[in-house]
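In what follows, a single structure is set out as structure tokens and then discussed.
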Amino acid sequence: MPYARNDGARLAYELDGPSGAETVTFVEGLSYGTWMWNWQREALTEYRTLVWDNRGTGDSDEPEGPYTVADMAADLEAVLDDAGVERTHLVGASLGGMIAQRYALDYDRAESLALLCTMHGGDEAVPIPEETQERMLNVPGEYGPAETIRYKMRPAFTEAFWAEHPEVVDSIVDWRLDTDPSDRAYQWQSGAAVTFDASDRLDEIDLPTLVLHGTDDRVLPVENGRLLSDGIPGAEFAEVEDGGHLFFIERADRVNDALREFLTDA
């Protein structure tokens with residue numbers, strides 16, 4: 001696995017696909033590893049696909065915090081530079097969508113943006129519902145690592161998907177046991193998301209932009225997607241019916257079709 005370096009930290013990444021094809025770079029969410037994009041990478045085989053582990057996650061180093069979204073956008077620039085990617089489409093989800101926004105504002109390799117289940121931050125953003133915060137912060141003390149992951153992750157899925165696809169949940173728990181950040185790195189990543197605010201700069205984004213959001217998102221409510229698309233000039237917004245926060249897993253076919261159509265036209 002190749003590594004880029006930024007500020008002394010090694011950043012692990014993978015670049016696959018046809019060498020002459022356009023590149024799509026996927027930016028992962030809070031604490032999640034590159035596994036979260038498996039469903040998209042398996043579908044978009046006509047593109048080169050690049051995934052990377054955010055600082056503190058998976059095979060990347062854990063530099064001392066606190067972290068900011070600007071730090072992580074700089075990490076992305078280092079990864080693209082090391083991989084020799086001059087131009088790329090960016091697809092970011094949740095925290096990854098925040099990183100993609102900041103990257104588009106500060107750097108010049110992005111050709112388009114697809115922003116999934118994310119927000120622009122600031123006072124107008126709709127916060128995480130109290131019920132979800134309570135579940136994520138107050139895990140029963142007797143739970144072990146796997147049970148803790150399951151308990152905290154459940155609001156990210158719809159109840160229907162959770163009940164109907166236990167095999168997917170089991171696989172994700174296993175992947176997370178291997179790649180999740182330490183407690184302190186999780187807090188540093190979480191702090192980056194909480195302090196992110198691009199609300200007063202969205203009109204500077206001059207790229208084809210697609211905003212996708214699940215209607216049943218219990219982590220970042222769908223109103224955030226509407227606000228984000230309203231703030232970016234010319235952005236296209238689409239809701240994914242009955243999709244939770246991880247709707248790109250739950251409704252992978254729907255999302256992959258939307259991404260392919262958008263990337264073709266971008």
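Residue numbering restarts at 1 for every chain of the structure tokens, chains are lettered A, B, ... in their displayed order, and ligands are numbered from 1 as they appear.
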
Q: Fewer than 5 positions away in the same chain doesn't count, so skip those; otherwise give me all residues within 6 Å of Cys117 (chain A), counting only C-alpha atoms, as a PyMOL selection string.
A: chain A and resi 93-94+213

Run DSSP on the backbone of this structure and report the residues of region 8-176 of chain A it assigns to strand (DSSP E), as a compact mmCIF listing (two decimals) with N, CA, C and O atoms, in the first residue's frame.
```
# COMPACT_ATOMS: atom_id res chain seq x y z
N ALA A 9 3.08 13.04 8.85
CA ALA A 9 2.19 11.90 9.03
C ALA A 9 2.07 11.12 7.72
O ALA A 9 1.91 11.70 6.64
N ARG A 10 2.13 9.79 7.82
CA ARG A 10 1.92 8.93 6.67
C ARG A 10 0.42 8.72 6.46
O ARG A 10 -0.31 8.45 7.42
N LEU A 11 -0.01 8.80 5.20
CA LEU A 11 -1.42 8.67 4.85
C LEU A 11 -1.55 7.57 3.81
O LEU A 11 -1.06 7.67 2.69
N ALA A 12 -2.23 6.47 4.21
CA ALA A 12 -2.35 5.31 3.34
C ALA A 12 -3.46 5.52 2.31
O ALA A 12 -4.52 6.06 2.63
N TYR A 13 -3.20 5.10 1.08
CA TYR A 13 -4.21 5.22 0.04
C TYR A 13 -4.13 4.06 -0.94
O TYR A 13 -3.13 3.32 -0.98
N GLU A 14 -5.18 3.88 -1.73
CA GLU A 14 -5.24 2.86 -2.77
C GLU A 14 -5.77 3.51 -4.04
O GLU A 14 -6.75 4.24 -4.00
N LEU A 15 -5.13 3.21 -5.17
CA LEU A 15 -5.56 3.72 -6.46
C LEU A 15 -5.72 2.54 -7.40
O LEU A 15 -4.78 1.79 -7.64
N ASP A 16 -6.93 2.34 -7.90
CA ASP A 16 -7.24 1.19 -8.75
C ASP A 16 -7.97 1.65 -9.98
O ASP A 16 -8.50 2.77 -10.05
N THR A 23 -10.38 9.96 -12.80
CA THR A 23 -10.23 9.52 -11.42
C THR A 23 -11.37 10.04 -10.57
O THR A 23 -11.74 11.21 -10.65
N VAL A 24 -11.91 9.16 -9.74
CA VAL A 24 -12.89 9.53 -8.72
C VAL A 24 -12.25 9.26 -7.36
O VAL A 24 -11.84 8.13 -7.08
N THR A 25 -12.16 10.27 -6.54
CA THR A 25 -11.58 10.15 -5.21
C THR A 25 -12.69 10.17 -4.18
O THR A 25 -13.50 11.10 -4.14
N PHE A 26 -12.73 9.15 -3.34
CA PHE A 26 -13.75 9.01 -2.31
C PHE A 26 -13.15 9.42 -0.96
O PHE A 26 -12.06 8.96 -0.59
N VAL A 27 -13.89 10.24 -0.24
CA VAL A 27 -13.41 10.78 1.04
C VAL A 27 -14.32 10.25 2.15
O VAL A 27 -15.52 10.50 2.16
N ARG A 48 -10.91 5.25 -12.63
CA ARG A 48 -9.89 5.02 -11.62
C ARG A 48 -10.49 5.48 -10.30
O ARG A 48 -11.12 6.54 -10.23
N THR A 49 -10.32 4.71 -9.27
CA THR A 49 -10.88 5.09 -7.97
C THR A 49 -9.76 5.18 -6.94
O THR A 49 -8.91 4.30 -6.85
N LEU A 50 -9.80 6.26 -6.18
CA LEU A 50 -8.80 6.48 -5.14
C LEU A 50 -9.52 6.59 -3.80
O LEU A 50 -10.49 7.34 -3.67
N VAL A 51 -9.08 5.80 -2.83
CA VAL A 51 -9.57 5.89 -1.46
C VAL A 51 -8.37 6.05 -0.54
O VAL A 51 -7.26 5.62 -0.86
N TRP A 52 -8.61 6.68 0.61
CA TRP A 52 -7.50 6.89 1.54
C TRP A 52 -8.03 6.93 2.96
O TRP A 52 -9.22 7.20 3.20
N THR A 88 -9.46 15.38 -10.49
CA THR A 88 -10.27 14.29 -9.95
C THR A 88 -11.68 14.77 -9.62
O THR A 88 -11.89 15.95 -9.30
N HIS A 89 -12.62 13.86 -9.74
CA HIS A 89 -13.95 14.07 -9.18
C HIS A 89 -13.88 13.69 -7.71
O HIS A 89 -13.29 12.66 -7.35
N LEU A 90 -14.50 14.47 -6.84
CA LEU A 90 -14.50 14.19 -5.40
C LEU A 90 -15.88 13.73 -4.95
O LEU A 90 -16.88 14.38 -5.26
N VAL A 91 -15.92 12.63 -4.22
CA VAL A 91 -17.15 12.13 -3.61
C VAL A 91 -16.89 12.00 -2.11
O VAL A 91 -16.04 11.21 -1.69
N GLY A 92 -17.59 12.80 -1.31
CA GLY A 92 -17.37 12.78 0.13
C GLY A 92 -18.66 12.58 0.89
O GLY A 92 -19.71 13.10 0.49
N ALA A 93 -18.60 11.81 1.96
CA ALA A 93 -19.79 11.55 2.78
C ALA A 93 -19.54 11.99 4.21
O ALA A 93 -18.47 11.74 4.77
N ALA A 110 -9.89 19.52 -8.07
CA ALA A 110 -11.23 18.96 -8.16
C ALA A 110 -11.93 19.40 -9.44
O ALA A 110 -11.92 20.57 -9.81
N GLU A 111 -12.54 18.43 -10.13
CA GLU A 111 -13.35 18.70 -11.32
C GLU A 111 -14.82 18.80 -10.99
O GLU A 111 -15.58 19.48 -11.69
N SER A 112 -15.25 18.08 -9.97
CA SER A 112 -16.66 18.11 -9.57
C SER A 112 -16.75 17.65 -8.13
O SER A 112 -15.79 17.08 -7.57
N LEU A 113 -17.91 17.91 -7.52
CA LEU A 113 -18.16 17.50 -6.13
C LEU A 113 -19.46 16.71 -6.06
O LEU A 113 -20.48 17.15 -6.60
N ALA A 114 -19.42 15.58 -5.38
CA ALA A 114 -20.64 14.87 -4.97
C ALA A 114 -20.60 14.80 -3.46
O ALA A 114 -19.67 14.21 -2.87
N LEU A 115 -21.57 15.43 -2.82
CA LEU A 115 -21.57 15.59 -1.37
C LEU A 115 -22.75 14.81 -0.79
O LEU A 115 -23.91 15.13 -1.04
N LEU A 116 -22.44 13.80 0.00
CA LEU A 116 -23.44 12.86 0.50
C LEU A 116 -23.59 13.01 2.01
O LEU A 116 -22.58 13.09 2.73
```

(Q) So that I can check the secondary structure, give me every residue of region 11-212 of chain A assigned helix (DSSP H, G or I) by backbone DSSP, as a PyMOL selection string. (A) chain A and resi 34-43+69-83+95-106+130-137+145-156+159-164+166-179+183-195+202-204

(Q) Residues within 9 Å of region 140-149 of chain A, please, as a PyMOL selection string. Count only C-alpha atoms; anything in the same chain fewer than 3 positions from it doesn't count. (A) chain A and resi 152-154+173-174+176-177

Using only C-alpha atoms, please write the residues we just selected to a file, as a PDB file, in the first residue's frame.
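Below you can see result00.pdb, which holds the result:
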```
ATOM      1  CA  LYS A 152     -23.302   3.484  18.394  1.00  0.00           C
ATOM      2  CA  MET A 153     -23.716   2.701  14.696  1.00  0.00           C
ATOM      3  CA  ARG A 154     -27.390   1.709  14.711  1.00  0.00           C
ATOM      4  CA  VAL A 173     -18.490  -4.408  12.544  1.00  0.00           C
ATOM      5  CA  ASP A 174     -15.558  -6.661  11.591  1.00  0.00           C
ATOM      6  CA  ARG A 176     -14.453  -1.346  11.995  1.00  0.00           C
ATOM      7  CA  LEU A 177     -12.737  -3.495  14.598  1.00  0.00           C
TER       8      LEU A 177
END
```

Q: Tell me which of A:Val139, A:Ala100, A:Ile249, A:Leu105 sits closest to Val211 (chain A), counting only C-alpha atoms.
A: A:Ala100
